[in-house]
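For reference, the structure is listed below as structure tokens.
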Amino acid sequence: MNFLEERIVKDGVVKSGNVLKVDSFLNHQMDISLMEEIGREFKRRFGHKQVDKVVTIEASGIGIAAFVAKEFGVPLVFAKKSKSINIDGDMFVAEVESFTHKNKNQVIVSRKFLHEGEHILIIDDFLANGCALQGLISIADSAGAIVEGCGIVIEKGFQIGGRVIRNMGYHVESLAIIDAMDAETGNITFREQ
Ligand code: 5GP
């Protein structure tokens with residue numbers, strides 16, 4: 001087991017509805033030493049690529065992506081969730097369905113912060129059905145930016161997102177892939193990587 005898998009087994013809580021709670025160390029209370037290690041690990045996995053910017057989606061991607069951006073020495077841009085229907089032309093927009101909240105949000109990135117020909121690394125905390133990643137990829141496409149890869153902290157391999165995004169031809173690296181989890185026993189099975 002790698003450092004993240006060990007932490008998930010120790011402090012993660014499996015909830016019903018295919019939800020893993022990691023709020024004691026990843027996306028509510030954050031273990032900063034773990035964040036640093038996550039940043040270094042993504043640098044190790046994507047360091048051979050050109051990365052001009054790290055891109056994520058608010059809210060829980062931001063903390064993690066900040067440590068990745070620090071490792072690469074590049075800015076971090078996060079897509080903002082917006083309920084407004086009056087989005088002006090200064091924004092790239094995509095629609096994203098939230099896995100945890102079951103609602104749809106428009107997510108926006110200002111045209112000021114994403115440009116044609118920029119090489120980006122997309123980072124997020126979880127990959128479930130792939131809606132968040134598809135939204136970010138669509139924004140990158142609108143900008144004419146080049147997606148060098150997607151770095152995910154926890155992929156739920158029993159949901160379709162990982163397959164969909166890889167089949168689209170993107171390089172996805174997940175630090176932990178969960179193949180099965182059981183809310184009754186709390187058991188978590190990781191994929192051998
Ligand atoms: P997707 O868009 O791939 O269906 O879901 C990814 C997004 O939903 C992530 O940005 C994450 O915030 C949230 N998410 C999906 N599954 C889980 C989960 O099991 N636990 C938590 N805490 N968040 C999740």
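Ligands are numbered from 1 in the order shown, residues from 1 within each chain, and chains are lettered A, B, ... in the order they appear in the structure tokens.
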Protein and nucleic residues near ligand 1, 8 Å, only C-alpha atoms and all ligand atoms, as JSON, numbers by chain
{"A": [18, 19, 20, 21, 22, 23, 27, 57, 58, 59, 60, 61, 96, 97, 98, 99, 100, 124, 125, 126, 127, 128, 129, 130, 131, 132, 133, 134, 156, 161]}
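Of the residues under consideration (A:Ile64, A:Met30, A:Val164, A:Val51), A:Val51 shows the shortest atom-to-atom contact distance to Gly117 (chain A) when counting only C-alpha atoms.
With only C-alpha atoms as the atoms that count, the minimum distance from Glu6 (chain A) to the choices A:Ala183, A:Leu34, A:Val172, A:Ala143 is reached by A:Leu34.
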